[in-house]
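Visitor: Next up, protein_24.cif (mmCIF, C-alpha atoms).
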data_protein
loop_
_atom_site.label_atom_id
_atom_site.label_comp_id
_atom_site.auth_asym_id
_atom_site.auth_seq_id
_atom_site.Cartn_x
_atom_site.Cartn_y
_atom_site.Cartn_z
CA MET A 11 -106.35 92.07 -94.37
CA SER A 12 -108.11 89.88 -91.79
CA ALA A 13 -111.71 88.79 -92.04
CA PRO A 14 -114.14 90.89 -89.99
CA SER A 15 -114.34 89.96 -86.32
CA SER A 16 -117.30 88.02 -84.99
CA GLY A 17 -117.73 88.53 -81.26
CA ARG A 18 -119.94 85.45 -81.13
CA ASP A 19 -117.08 83.11 -82.08
CA PRO A 20 -114.20 83.34 -79.59
CA PHE A 21 -112.31 80.48 -81.23
CA ALA A 22 -112.40 82.23 -84.62
CA GLN A 23 -111.04 85.33 -82.89
CA TRP A 24 -108.25 83.27 -81.32
CA LEU A 25 -107.51 81.74 -84.72
CA ARG A 26 -107.45 85.20 -86.30
CA ASP A 27 -104.84 86.27 -83.76
CA HIS A 28 -102.65 83.16 -83.97
CA ALA A 29 -102.93 81.59 -87.42
CA SER A 30 -100.51 82.36 -90.23
CA THR A 31 -101.25 82.39 -93.94
CA LEU A 32 -99.23 80.72 -96.68
CA THR A 33 -98.49 82.51 -99.91
CA THR A 34 -98.75 79.45 -102.16
CA LEU A 35 -99.12 75.69 -102.39
CA ASP A 36 -96.53 75.47 -105.17
CA PRO A 37 -94.09 72.71 -104.06
CA ASP A 38 -91.19 74.46 -105.83
CA ALA A 39 -91.81 77.95 -104.42
CA PRO A 40 -89.61 79.60 -101.77
CA LEU A 41 -90.29 78.28 -98.27
CA ASP A 42 -90.07 81.37 -96.06
CA ASP A 43 -93.84 81.53 -95.44
CA LEU A 44 -93.63 78.09 -93.78
CA GLU A 45 -91.22 79.27 -91.08
CA PRO A 46 -94.03 79.46 -88.45
CA LEU A 47 -94.26 75.68 -88.72
CA ARG A 48 -90.78 75.34 -87.23
CA ALA A 49 -91.93 76.89 -83.95
CA LEU A 50 -95.10 74.80 -83.92
CA ILE A 51 -93.37 71.42 -84.22
CA GLY A 52 -90.42 72.30 -81.95
CA ASP A 53 -88.17 69.29 -81.49
CA ALA A 54 -90.80 66.68 -82.38
CA ARG A 55 -89.24 63.50 -83.75
CA VAL A 56 -92.33 62.47 -85.72
CA VAL A 57 -94.50 64.98 -87.60
CA GLY A 58 -97.66 63.59 -89.17
CA ILE A 59 -99.08 65.36 -92.23
CA GLY A 60 -102.65 64.37 -92.92
CA GLU A 61 -105.49 64.80 -95.40
CA ASN A 62 -109.22 64.60 -94.83
CA SER A 63 -109.66 62.63 -98.05
CA HIS A 64 -107.41 60.70 -100.37
CA PHE A 65 -107.10 61.73 -104.05
CA ILE A 66 -107.18 65.52 -103.50
CA HIS A 67 -104.99 67.73 -105.72
CA GLU A 68 -104.34 70.54 -103.22
CA PHE A 69 -103.47 68.16 -100.40
CA GLY A 70 -100.83 66.55 -102.60
CA LEU A 71 -99.29 69.95 -103.33
CA ALA A 72 -99.32 70.91 -99.66
CA ARG A 73 -97.67 67.65 -98.62
CA ARG A 74 -94.86 68.02 -101.14
CA ARG A 75 -94.20 71.58 -100.02
CA LEU A 76 -94.30 70.69 -96.33
CA LEU A 77 -91.92 67.78 -96.93
CA ARG A 78 -89.46 70.11 -98.66
CA PHE A 79 -89.54 72.47 -95.69
CA LEU A 80 -89.14 69.75 -93.09
CA VAL A 81 -86.23 68.15 -94.96
CA GLU A 82 -84.39 71.25 -96.14
CA ARG A 83 -84.87 73.50 -93.13
CA CYS A 84 -85.61 71.22 -90.18
CA GLY A 85 -83.37 68.24 -90.89
CA PHE A 86 -85.96 65.48 -91.23
CA THR A 87 -84.42 62.28 -92.55
CA VAL A 88 -87.23 59.74 -93.12
CA LEU A 89 -90.47 59.93 -95.08
CA ALA A 90 -92.93 57.35 -93.72
CA PHE A 91 -96.09 56.68 -95.67
CA GLU A 92 -99.46 54.98 -95.25
CA TYR A 93 -98.08 52.17 -97.41
CA GLY A 94 -97.07 48.58 -96.80
CA PHE A 95 -94.06 48.03 -94.55
CA SER A 96 -92.88 45.13 -96.69
CA GLU A 97 -93.54 46.77 -100.06
CA ALA A 98 -91.62 49.92 -99.12
CA LEU A 99 -88.28 48.26 -98.34
CA PRO A 100 -87.02 48.09 -101.96
CA LEU A 101 -88.30 51.64 -102.52
CA ASP A 102 -86.09 52.88 -99.69
CA ALA A 103 -83.05 51.43 -101.44
CA TRP A 104 -84.14 53.09 -104.70
CA VAL A 105 -84.56 56.59 -103.25
CA ARG A 106 -81.10 56.22 -101.72
CA GLY A 107 -79.65 55.65 -105.19
CA ALA A 108 -79.82 51.91 -105.88
CA GLY A 109 -80.60 50.84 -109.45
CA PRO A 110 -81.41 52.95 -112.51
CA ASP A 111 -83.72 55.95 -112.44
CA ASP A 112 -86.42 54.16 -114.44
CA ASP A 113 -86.51 51.14 -112.10
CA LEU A 114 -89.36 52.41 -109.90
CA ALA A 115 -92.16 50.63 -111.78
CA ARG A 116 -90.34 47.30 -111.64
CA ILE A 117 -89.69 47.34 -107.90
CA THR A 118 -93.12 48.63 -106.91
CA ALA A 119 -94.86 45.54 -105.55
CA ALA A 120 -98.19 47.32 -105.02
CA ASP A 121 -99.97 50.40 -106.26
CA LEU A 122 -98.41 53.53 -104.80
CA PRO A 123 -100.65 56.02 -102.97
CA MET A 124 -101.70 59.13 -104.88
CA GLY A 125 -98.73 61.53 -105.03
CA ALA A 126 -96.17 59.05 -103.69
CA ARG A 127 -94.47 58.58 -107.05
CA GLU A 128 -93.62 62.29 -107.27
CA LEU A 129 -92.34 62.29 -103.71
CA LEU A 130 -90.11 59.27 -104.36
CA HIS A 131 -88.57 60.85 -107.44
CA ALA A 132 -88.02 64.08 -105.49
CA LEU A 133 -86.28 62.19 -102.68
CA ARG A 134 -84.00 60.32 -105.11
CA LEU A 135 -83.02 63.60 -106.75
CA HIS A 136 -82.46 65.23 -103.35
CA ASN A 137 -80.31 62.34 -102.15
CA ARG A 138 -77.86 62.67 -105.03
CA THR A 139 -76.34 65.76 -103.44
CA ALA A 140 -77.60 65.64 -99.84
CA ALA A 141 -75.05 65.38 -97.04
CA ARG A 142 -77.62 63.32 -95.14
CA PRO A 143 -79.93 61.24 -97.38
CA VAL A 144 -83.63 60.92 -96.71
CA GLY A 145 -85.06 57.40 -96.49
CA TYR A 146 -88.51 56.05 -97.35
CA ALA A 147 -90.46 53.82 -94.97
CA GLY A 148 -93.77 51.99 -95.16
CA VAL A 149 -95.78 51.57 -91.99
CA ASP A 150 -98.94 49.75 -93.08
CA ILE A 151 -100.10 46.15 -93.33
CA PRO A 152 -99.66 44.81 -96.90
CA ALA A 153 -101.86 46.34 -99.60
CA ALA A 154 -103.75 48.25 -96.87
CA GLY A 155 -105.10 44.87 -95.79
CA GLY A 156 -105.91 43.70 -99.31
CA SER A 157 -103.35 40.92 -99.49
CA LEU A 158 -101.05 39.02 -97.18
CA LEU A 159 -98.75 38.00 -100.03
CA PRO A 160 -96.35 41.00 -100.15
CA ALA A 161 -95.40 40.16 -96.57
CA LEU A 162 -95.70 36.35 -96.56
CA ARG A 163 -93.69 35.56 -99.69
CA PRO A 164 -90.53 37.27 -98.37
CA VAL A 165 -91.09 35.49 -95.05
CA ALA A 166 -91.09 32.16 -96.89
CA ASP A 167 -87.83 33.11 -98.65
CA HIS A 168 -86.32 33.93 -95.26
CA LEU A 169 -87.41 30.60 -93.79
CA ARG A 170 -85.81 28.61 -96.63
CA GLU A 171 -82.48 29.88 -95.34
CA THR A 172 -83.10 30.03 -91.59
CA ASP A 173 -85.76 27.47 -90.61
CA PRO A 174 -86.89 25.12 -93.41
CA GLY A 175 -88.93 23.11 -90.94
CA ALA A 176 -91.32 26.04 -90.55
CA LEU A 177 -91.73 26.54 -94.28
CA PRO A 178 -94.87 24.33 -94.59
CA LEU A 179 -96.72 26.71 -92.26
CA ALA A 180 -95.83 29.67 -94.45
CA GLU A 181 -96.78 27.76 -97.60
CA THR A 182 -100.16 26.84 -96.10
CA ALA A 183 -100.82 30.50 -95.30
CA ILE A 184 -99.71 31.62 -98.76
CA GLY A 185 -101.91 29.05 -100.48
CA ILE A 186 -105.01 30.30 -98.66
CA ALA A 187 -104.05 33.98 -98.98
CA GLU A 188 -103.77 33.65 -102.76
CA ARG A 189 -107.50 32.95 -102.92
CA PHE A 190 -108.60 36.40 -101.70
CA ALA A 191 -105.68 38.70 -102.58
CA ALA A 192 -106.82 42.11 -103.84
CA GLY A 193 -105.71 45.74 -104.01
CA SER A 194 -107.30 46.80 -100.72
CA ALA A 195 -109.15 45.42 -97.73
CA ALA A 196 -112.42 46.70 -99.19
CA ALA A 197 -112.02 44.19 -102.03
CA ALA A 198 -110.33 41.42 -100.08
CA ALA A 199 -112.77 41.26 -97.15
CA PRO A 200 -115.75 40.03 -99.21
CA ALA A 201 -113.52 37.42 -100.91
CA TRP A 202 -112.15 36.32 -97.53
CA ARG A 203 -115.72 35.99 -96.25
CA ARG A 204 -116.53 33.55 -99.06
CA LEU A 205 -113.83 31.14 -97.90
CA GLU A 206 -115.00 28.11 -95.93
CA ALA A 207 -114.79 28.74 -92.18
CA ALA A 208 -112.27 25.90 -91.93
CA GLU A 209 -109.97 27.71 -94.40
CA GLN A 210 -110.31 31.01 -92.55
CA ASP A 211 -109.37 29.30 -89.31
CA ALA A 212 -106.55 27.34 -90.95
CA LEU A 213 -105.00 30.61 -92.14
CA THR A 214 -105.21 32.22 -88.71
CA THR A 215 -103.84 29.09 -87.06
CA ALA A 216 -100.91 28.82 -89.47
CA LEU A 217 -99.99 32.45 -88.91
CA ALA A 218 -100.24 32.17 -85.13
CA ARG A 219 -98.11 29.01 -85.03
CA LEU A 220 -95.56 30.54 -87.38
CA LEU A 221 -95.30 33.71 -85.31
CA ILE A 222 -94.71 31.76 -82.10
CA ARG A 223 -92.11 29.57 -83.81
CA PHE A 224 -90.40 32.63 -85.27
CA ARG A 225 -89.93 34.13 -81.83
CA ALA A 226 -88.88 30.83 -80.28
CA ALA A 227 -86.25 30.26 -82.99
CA GLU A 228 -84.87 33.80 -82.79
CA PRO A 229 -81.32 32.83 -81.69
CA LEU A 230 -80.98 30.29 -84.51
CA GLN A 231 -82.35 32.63 -87.15
CA VAL A 232 -80.19 35.55 -86.05
CA ALA A 233 -77.10 33.31 -86.15
CA ARG A 234 -77.86 32.39 -89.77
CA THR A 235 -78.87 35.73 -91.32
CA GLY A 236 -78.08 38.44 -88.78
CA ARG A 237 -80.20 40.55 -86.47
CA TYR A 238 -81.62 43.01 -89.03
CA ALA A 239 -82.79 40.32 -91.50
CA TYR A 240 -84.55 38.50 -88.66
CA GLU A 241 -86.26 41.66 -87.42
CA VAL A 242 -87.46 42.58 -90.92
CA ALA A 243 -88.86 39.09 -91.47
CA LEU A 244 -90.56 39.14 -88.07
CA ARG A 245 -92.11 42.54 -88.80
CA ARG A 246 -93.40 41.21 -92.12
CA LEU A 247 -94.95 38.22 -90.40
CA GLU A 248 -96.56 40.50 -87.83
CA ALA A 249 -97.98 42.51 -90.74
CA ALA A 250 -99.60 39.40 -92.16
CA THR A 251 -101.13 38.44 -88.80
CA HIS A 252 -102.51 41.94 -88.27
CA ALA A 253 -103.88 41.95 -91.83
CA ASP A 254 -105.59 38.61 -91.25
CA HIS A 255 -107.20 39.96 -88.08
CA THR A 256 -108.26 43.14 -89.89
CA LEU A 257 -109.92 41.20 -92.71
CA ARG A 258 -111.77 39.05 -90.19
CA ALA A 259 -112.92 42.21 -88.40
CA MET A 260 -114.03 43.93 -91.61
CA ALA A 261 -115.92 40.89 -92.84
CA ALA A 262 -117.75 40.71 -89.52
CA LEU A 263 -118.64 44.41 -89.72
CA PHE A 264 -119.94 44.01 -93.27
CA ALA A 265 -122.09 41.14 -91.97
CA GLY A 266 -123.44 43.35 -89.18
CA ASP A 267 -122.02 41.45 -86.21
CA GLY A 268 -118.48 42.80 -85.84
CA ILE A 269 -116.67 44.50 -82.97
CA THR A 270 -115.56 47.90 -84.22
CA ILE A 271 -112.55 48.21 -81.91
CA ASP A 272 -111.04 45.20 -83.74
CA LEU A 273 -110.12 47.56 -86.59
CA SER A 274 -107.52 49.06 -84.26
CA ALA A 275 -105.31 46.08 -85.18
CA ARG A 276 -104.21 47.90 -88.33
CA GLU A 277 -103.68 51.15 -86.43
CA THR A 278 -101.49 49.64 -83.73
CA TYR A 279 -99.40 47.90 -86.40
CA MET A 280 -98.85 51.22 -88.19
CA ALA A 281 -97.85 52.96 -84.97
CA GLY A 282 -95.51 50.11 -84.15
CA SER A 283 -93.94 50.40 -87.59
CA VAL A 284 -93.23 54.10 -87.08
CA LEU A 285 -91.49 53.30 -83.81
CA TRP A 286 -89.65 50.36 -85.44
CA HIS A 287 -88.21 52.62 -88.12
CA LEU A 288 -87.41 55.37 -85.61
CA GLU A 289 -85.54 52.99 -83.33
CA ARG A 290 -83.41 51.64 -86.18
CA ALA A 291 -82.66 54.94 -87.87
CA GLU A 292 -79.37 56.73 -87.32
CA PRO A 293 -79.05 59.00 -84.27
CA GLY A 294 -80.97 62.23 -84.56
CA ALA A 295 -83.41 60.88 -87.15
CA ARG A 296 -86.72 62.69 -87.54
CA VAL A 297 -89.71 61.25 -89.38
CA VAL A 298 -92.32 62.88 -91.63
CA LEU A 299 -95.39 60.61 -91.50
CA MET A 300 -98.03 60.96 -94.23
CA ALA A 301 -101.44 59.37 -93.69
CA HIS A 302 -105.15 60.18 -93.58
CA ASN A 303 -106.27 62.56 -90.81
CA ALA A 304 -108.28 59.73 -89.23
CA HIS A 305 -105.08 57.68 -88.83
CA LEU A 306 -103.02 60.59 -87.47
CA GLN A 307 -105.41 62.02 -84.90
CA LYS A 308 -104.58 61.50 -81.23
CA GLU A 309 -108.16 61.08 -79.99
CA PRO A 310 -110.17 57.87 -80.58
CA VAL A 311 -112.48 57.72 -83.57
CA ALA A 312 -115.92 57.68 -81.98
CA PHE A 313 -119.53 57.49 -83.13
CA ASP A 314 -122.49 58.29 -80.87
CA GLY A 315 -120.05 58.99 -78.08
CA SER A 316 -118.46 55.52 -78.07
CA PRO A 317 -114.89 54.87 -79.28
CA VAL A 318 -114.84 52.54 -82.27
CA THR A 319 -111.18 52.72 -83.33
CA LEU A 320 -107.98 53.78 -81.63
CA PRO A 321 -106.01 55.46 -84.43
CA MET A 322 -102.29 55.26 -85.10
CA GLY A 323 -101.87 58.79 -83.73
CA HIS A 324 -103.42 57.74 -80.42
CA TYR A 325 -100.74 55.08 -79.94
CA LEU A 326 -97.94 57.39 -81.10
CA HIS A 327 -99.07 60.14 -78.74
CA HIS A 328 -98.97 57.74 -75.81
CA ALA A 329 -95.56 56.40 -76.86
CA LEU A 330 -93.87 59.69 -77.76
CA GLY A 331 -95.77 62.49 -76.00
CA ASP A 332 -94.83 65.87 -77.46
CA ASP A 333 -92.30 64.15 -79.73
CA TYR A 334 -95.33 63.34 -81.90
CA PHE A 335 -96.96 66.26 -83.74
CA ALA A 336 -100.16 65.66 -85.73
CA LEU A 337 -100.89 68.21 -88.46
CA GLY A 338 -104.33 67.74 -90.00
CA VAL A 339 -105.00 68.98 -93.53
CA THR A 340 -108.47 70.04 -94.60
CA SER A 341 -110.39 72.46 -96.84
CA VAL A 342 -113.13 75.04 -96.43
CA GLY A 343 -114.94 74.17 -99.65
CA GLY A 344 -114.66 72.86 -103.18
CA ARG A 345 -114.99 69.18 -103.97
CA THR A 346 -113.90 65.92 -102.39
CA ALA A 347 -113.51 62.22 -103.20
CA GLU A 348 -116.15 59.97 -101.70
CA MET A 349 -115.29 56.25 -101.87
CA PRO A 350 -118.47 54.14 -101.96
CA LEU A 351 -117.92 50.39 -101.72
CA ASP A 352 -118.16 48.46 -104.99
CA GLU A 353 -117.04 44.84 -104.82
CA ASN A 354 -116.74 44.64 -108.60
CA SER A 355 -114.17 47.44 -108.83
CA ARG A 356 -110.41 46.93 -108.69
CA PHE A 357 -109.96 48.15 -105.12
CA GLY A 358 -113.42 47.41 -103.78
CA PHE A 359 -114.56 51.04 -104.03
CA THR A 360 -115.07 53.75 -106.60
CA VAL A 361 -114.21 57.45 -106.41
CA ASP A 362 -117.14 59.88 -106.59
CA ASP A 363 -116.29 63.52 -107.25
CA THR A 364 -118.56 65.22 -104.69
CA GLU A 365 -119.31 68.88 -104.06
CA LEU A 366 -118.75 70.08 -100.50
CA GLU A 367 -121.49 71.92 -98.64
CA PRO A 368 -120.53 75.08 -96.71
CA PRO A 369 -118.71 74.14 -93.50
CA GLU A 370 -120.91 73.29 -90.55
CA PRO A 371 -120.97 75.56 -87.49
CA GLY A 372 -118.67 74.14 -84.86
CA SER A 373 -116.21 72.77 -87.39
CA ILE A 374 -112.55 73.77 -87.68
CA GLU A 375 -113.28 74.58 -91.34
CA ALA A 376 -115.95 77.10 -90.33
CA ALA A 377 -113.50 78.64 -87.86
CA PHE A 378 -110.87 79.11 -90.57
CA ALA A 379 -113.48 80.54 -92.94
CA GLY A 380 -114.52 83.08 -90.30
CA ALA A 381 -110.99 83.98 -89.23
CA LEU A 382 -108.94 84.33 -92.41
CA PRO A 383 -109.35 86.30 -95.63
CA ALA A 384 -111.24 84.56 -98.40
CA GLY A 385 -108.91 82.41 -100.48
CA ALA A 386 -106.17 82.20 -97.84
CA VAL A 387 -104.30 79.01 -96.96
CA GLY A 388 -104.23 78.92 -93.17
CA LEU A 389 -101.79 77.24 -90.80
CA ALA A 390 -102.41 77.15 -87.06
CA GLY A 391 -100.98 75.38 -84.04
CA LEU A 392 -103.66 73.97 -81.74
CA ARG A 393 -101.75 72.87 -78.66
CA ARG A 394 -102.40 76.24 -77.00
CA ALA A 395 -105.83 76.77 -78.52
CA PRO A 396 -108.71 77.49 -76.11
CA ARG A 397 -110.80 74.50 -75.03
CA GLY A 398 -114.37 74.43 -73.87
CA GLY A 399 -117.37 76.21 -75.37
CA GLY A 400 -116.80 77.34 -78.92
CA SER A 401 -113.79 75.11 -79.54
CA PRO A 402 -114.36 73.11 -82.76
CA ASP A 403 -115.86 69.69 -82.17
CA ARG A 404 -115.73 68.35 -85.72
CA THR A 405 -113.63 68.29 -88.89
CA ARG A 406 -114.30 67.16 -92.44
CA LEU A 407 -114.04 63.48 -93.33
CA GLN A 408 -114.56 63.58 -97.10
CA SER A 409 -118.01 65.21 -97.40
CA ALA A 410 -119.13 64.20 -93.89
CA TYR A 411 -117.71 65.15 -90.48
CA LEU A 412 -115.71 63.35 -87.88
CA HIS A 413 -116.94 64.51 -84.48
CA VAL A 414 -113.93 64.92 -82.21
CA PRO A 415 -112.47 67.71 -80.03
CA VAL A 416 -110.24 69.04 -82.81
CA ALA A 417 -107.71 70.84 -80.60
CA ASP A 418 -107.14 67.62 -78.64
CA ALA A 419 -107.02 65.39 -81.71
CA PHE A 420 -104.54 67.50 -83.68
CA ASP A 421 -101.56 69.65 -82.73
CA GLY A 422 -102.02 71.83 -85.78
CA MET A 423 -104.19 72.28 -88.82
CA LEU A 424 -103.53 73.42 -92.37
CA CYS A 425 -106.67 74.53 -94.20
CA VAL A 426 -106.85 75.27 -97.92
CA PRO A 427 -109.70 77.43 -99.20
CA SER A 428 -110.85 75.00 -101.87
CA SER A 429 -110.07 71.46 -102.95
CA ARG A 430 -110.66 69.35 -106.03
CA VAL A 431 -110.28 65.70 -106.93
CA ALA A 432 -106.95 65.01 -108.61
CA ASP A 433 -106.74 64.12 -112.27
CA GLY A 434 -105.65 60.71 -113.51
CA ILE A 435 -107.07 58.51 -110.74
CA GLU A 436 -107.06 54.87 -111.81
CA ILE A 437 -109.51 52.82 -109.75
#
Have the structure of the file written as structure tokens, please.
Guide:
Amino acid sequence: MSAPSSGRDPFAQWLRDHASTLTTLDPDAPLDDLEPLRALIGDARVVGIGENSHFIHEFGLARRRLLRFLVERCGFTVLAFEYGFSEALPLDAWVRGAGPDDDLARITAADLPMGARELLHALRLHNRTAARPVGYAGVDIPAAGGSLLPALRPVADHLRETDPGALPLAETAIGIAERFAAGSAAAAAPAWRRLEAAEQDALTTALARLLIRFRAAEPLQVARTGRYAYEVALRRLEAATHADHTLRAMAALFAGDGITIDLSARETYMAGSVLWHLERAEPGARVVLMAHNAHLQKEPVAFDGSPVTLPMGHYLHHALGDDYFALGVTSVGGRTAEMPLDENSRFGFTVDDTELEPPEPGSIEAAFAGALPAGAVGLAGLRRAPRGGGSPDRTRLQSAYLHVPVADAFDGMLCVPSSRVADGIEI
């Protein structure tokens, strides 16, 4: 039975008329209740599945269930994750059947995102009998900006075979990068800032020179290792250059004199990686892209009315149009994971289990709460949602709100009634 109508909230009434409810979040349950999603995404080649906070139990369940539906019923063939492009390459081979089942820990070059391990095992099991296997792709800069090494070390190995004369540039960059390598940009940026300015500039210079040389020597490198090996090495090098720029931008912001739009360097790299994988996949490939809502949204991230970051979804929307579908994932209430900075912790932040206040008026969460029965999991397409007065202008970002025209930023939204921080987080 629907929630009682409120004539003062036309968007909630629209949502009441157009949203569907899911029967469960159980990843192994039958999938029939997700059939409305098929009509929402249409023929989109890339479907982003978000989360308003990392480390949330219900979001992990929802993602696994949505992935099952998109693979089993809609023919999606690639799972792309907010995870390093370079680090993911051996994982793709593993999910396709390479190596023993217990080899995942050995080939994981960096900590996997929460829930990724279960998804990888599920894909490997699926691929044993699938007529069309599902691949795994990383789209991010290495270690979410925490280290250049997962990208630079394979680049150096590539150069030993293709262009030994350029190897000193790579070794210079590696030597400096070893001094600030960490598990995330939050930890690496303060260590990078403590480097002498001459070292910071030497790293950037080495990467820039190496990138130019890489492109100039393309015919020679391709002749020695083949087109694909060259393109992978080039993409890894581009990851390192974008990570270097991101660390410089973050350090400047921490110091109070940064340019916020500089953080878009990571976002444009991630968008470019999605397109890179899509272009090189077999014909008819479709990609499930899992990342934070703030990465997937199509509208700029703005504060006080000024854009501060252009997210990955913004670039993908401009590149793909309706072939990109952004599905945000949020919750009405419960608890969330705040991540306050802590330079002494492993990743540069801690996880605080934080109670959520009731949803603010004007939020998409408040609209779901007013439109659906208590305890319901709601799914709604937003492309045809009404705009203007009453349309939600904010959505949860952990325990705060990201102010954005929600129906323009996302093509759909899945809202769970309550969330909690997942067990077993190791930070």
Visitor: May I have the centre and edge lengths, in Å to one decimal, of an axis-aligned box around the listed atoms of stretch 175-186 of chain A with 6 Å added to every side, as JSON?
Guide:
{"center_x": -97.0, "center_y": 27.4, "center_z": -95.5, "size_x": 28.1, "size_y": 20.5, "size_z": 21.9}
Visitor: Which one of A:Leu159, A:Met260, A:Ala301, A:Gly399 sits closest to A:Leu247 if you count only C-alpha atoms?
Guide: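 Selected residue with least distance to A:Leu247: A:Leu159.
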Visitor: Can you turn the PyMOL selection byres ((chain A and resi 358) around 8) into a concrete residue list for this file, as a PyMOL selection string?
Guide: chain A and resi 193-198+351-357+359-360
Visitor: With the PyMOL selection byres ((chain A and resi 133) around 10) as the selection, what would be picked from this file? Answer as a list in words, please.
Guide: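 For this structure, the PyMOL selection byres ((chain A and resi 133) around 10) captures Leu77, Arg78, Val81, Val88, Leu89, Asp102, Trp104, Val105, Arg106, Gly107, Arg127, Glu128, Leu129, Leu130, His131, Ala132, Arg134, Leu135, His136, Asn137, Arg138, Ala140, Pro143, Val144, Gly145 and Tyr146 of chain A.
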Visitor: With only C-alpha atoms as the atoms that count, which of A:Arg225, A:His287, A:Lys308, A:Arg393 lies nearest to A:Ala90?
Guide: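 That would be A:His287, the residue with the smallest distance to A:Ala90.
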Visitor: For the structure provided, state which residues fall under the PyMOL selection byres ((chain A and resi 405) around 10), and present them as a ChimeraX atom specification.
Guide: /A:62,303,338-341,369-370,372-376,402-404,406-408,410-416
Visitor: Mind listing as number ranges by chain all residues within 12 Å of (-106.7, 44.5, -83.7), counting all atoms listed in the file?
Guide: A: 151, 248-249, 251-260, 269-280, 318-322
Visitor: Restricting the calculation to only C-alpha atoms: of A:Pro427, A:Ala141, A:Leu162, A:Asp363, which residue gets closest to A:Ala379?
Guide: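 Among the listed residues, A:Pro427 lies closest to A:Ala379.
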Visitor: Rank A:Ala115, A:Ala295, A:Val284, A:Ala183 by their smallest atom-to-atom distance to A:Arg219, using only C-alpha atoms, and report the top residue only.
Guide: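 Smallest distance to A:Arg219 is found for A:Ala183.
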Visitor: May I ask for the distance between atom CA of A:Ile59 and atom CA of A:Gly125, given in Å to one decimal place?
Guide: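 Between atom CA of A:Ile59 and atom CA of A:Gly125 the gap works out to 13.4 Å.
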Visitor: Just checking: using all atoms listed in the file, which residue out of A:Arg245, A:Ile435, A:Leu35, A:Ala72 ends up closest to A:Leu122?
Guide: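 Among the listed residues, A:Ile435 lies closest to A:Leu122.
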Visitor: Would you kindly return, as number ranges by chain, each protein, DNA or RNA residue with an atom no farther than 10 Å from any atom of A:Thr235, considering all atoms listed in the file and excluding same-chain residues fewer than 3 positions away?
Guide: A: 168, 171-172, 230-232, 238-240
Visitor: Can you pull out every residue within 12 Å of A:Val297, counting only C-alpha atoms, but drop anything in the same chain fewer than 3 positions away, and send it as a ChimeraX atom specification?
Guide: /A:51,53-59,77,80-81,84-91,144-149,283-292,294,300,333-336
Visitor: State, in Å with one decimal place, the distance from atom CA of A:Ala226 to atom CA of A:Ser96.
Guide: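 About the pair atom CA of A:Ala226 and atom CA of A:Ser96: they are 22.1 Å apart.
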Visitor: Return the single residue from A:Glu228, A:Ala187, A:Pro40, A:Asp113 that is closest to A:Asp211, with distances computed using only C-alpha atoms.
Guide: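 Among A:Glu228, A:Ala187, A:Pro40, A:Asp113, it is A:Ala187 that comes nearest to A:Asp211.
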Visitor: Could stretch 359-366 of chain A be completed with N, CA, C and O atoms and returned as a tab-separated table (two decimals), in the coordinates of the input?
Guide:
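Saved result, selection-v8.tsv, follows:
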chain	number	residue	atom	x	y	z
A	359	PHE	N	-113.83	49.77	-104.17
A	359	PHE	CA	-114.56	51.04	-104.03
A	359	PHE	C	-114.36	51.84	-105.31
A	359	PHE	O	-113.44	51.58	-106.10
A	360	THR	N	-115.23	52.80	-105.51
A	360	THR	CA	-115.07	53.75	-106.60
A	360	THR	C	-114.80	55.12	-106.01
A	360	THR	O	-114.89	55.32	-104.79
A	361	VAL	N	-114.45	56.08	-106.85
A	361	VAL	CA	-114.21	57.45	-106.41
A	361	VAL	C	-115.28	58.34	-107.01
A	361	VAL	O	-115.40	58.44	-108.24
A	362	ASP	N	-116.08	58.97	-106.15
A	362	ASP	CA	-117.14	59.88	-106.59
A	362	ASP	C	-116.71	61.31	-106.32
A	362	ASP	O	-116.46	61.68	-105.16
A	363	ASP	N	-116.63	62.10	-107.36
A	363	ASP	CA	-116.29	63.52	-107.25
A	363	ASP	C	-117.51	64.25	-106.68
A	363	ASP	O	-118.55	64.36	-107.34
A	364	THR	N	-117.40	64.72	-105.44
A	364	THR	CA	-118.56	65.22	-104.69
A	364	THR	C	-118.36	66.66	-104.26
A	364	THR	O	-117.31	67.03	-103.73
A	365	GLU	N	-119.38	67.48	-104.47
A	365	GLU	CA	-119.31	68.88	-104.06
A	365	GLU	C	-119.47	68.98	-102.55
A	365	GLU	O	-120.30	68.30	-101.93
A	366	LEU	N	-118.67	69.85	-101.93
A	366	LEU	CA	-118.75	70.08	-100.50
A	366	LEU	C	-119.78	71.15	-100.18
A	366	LEU	O	-119.83	72.19	-100.84
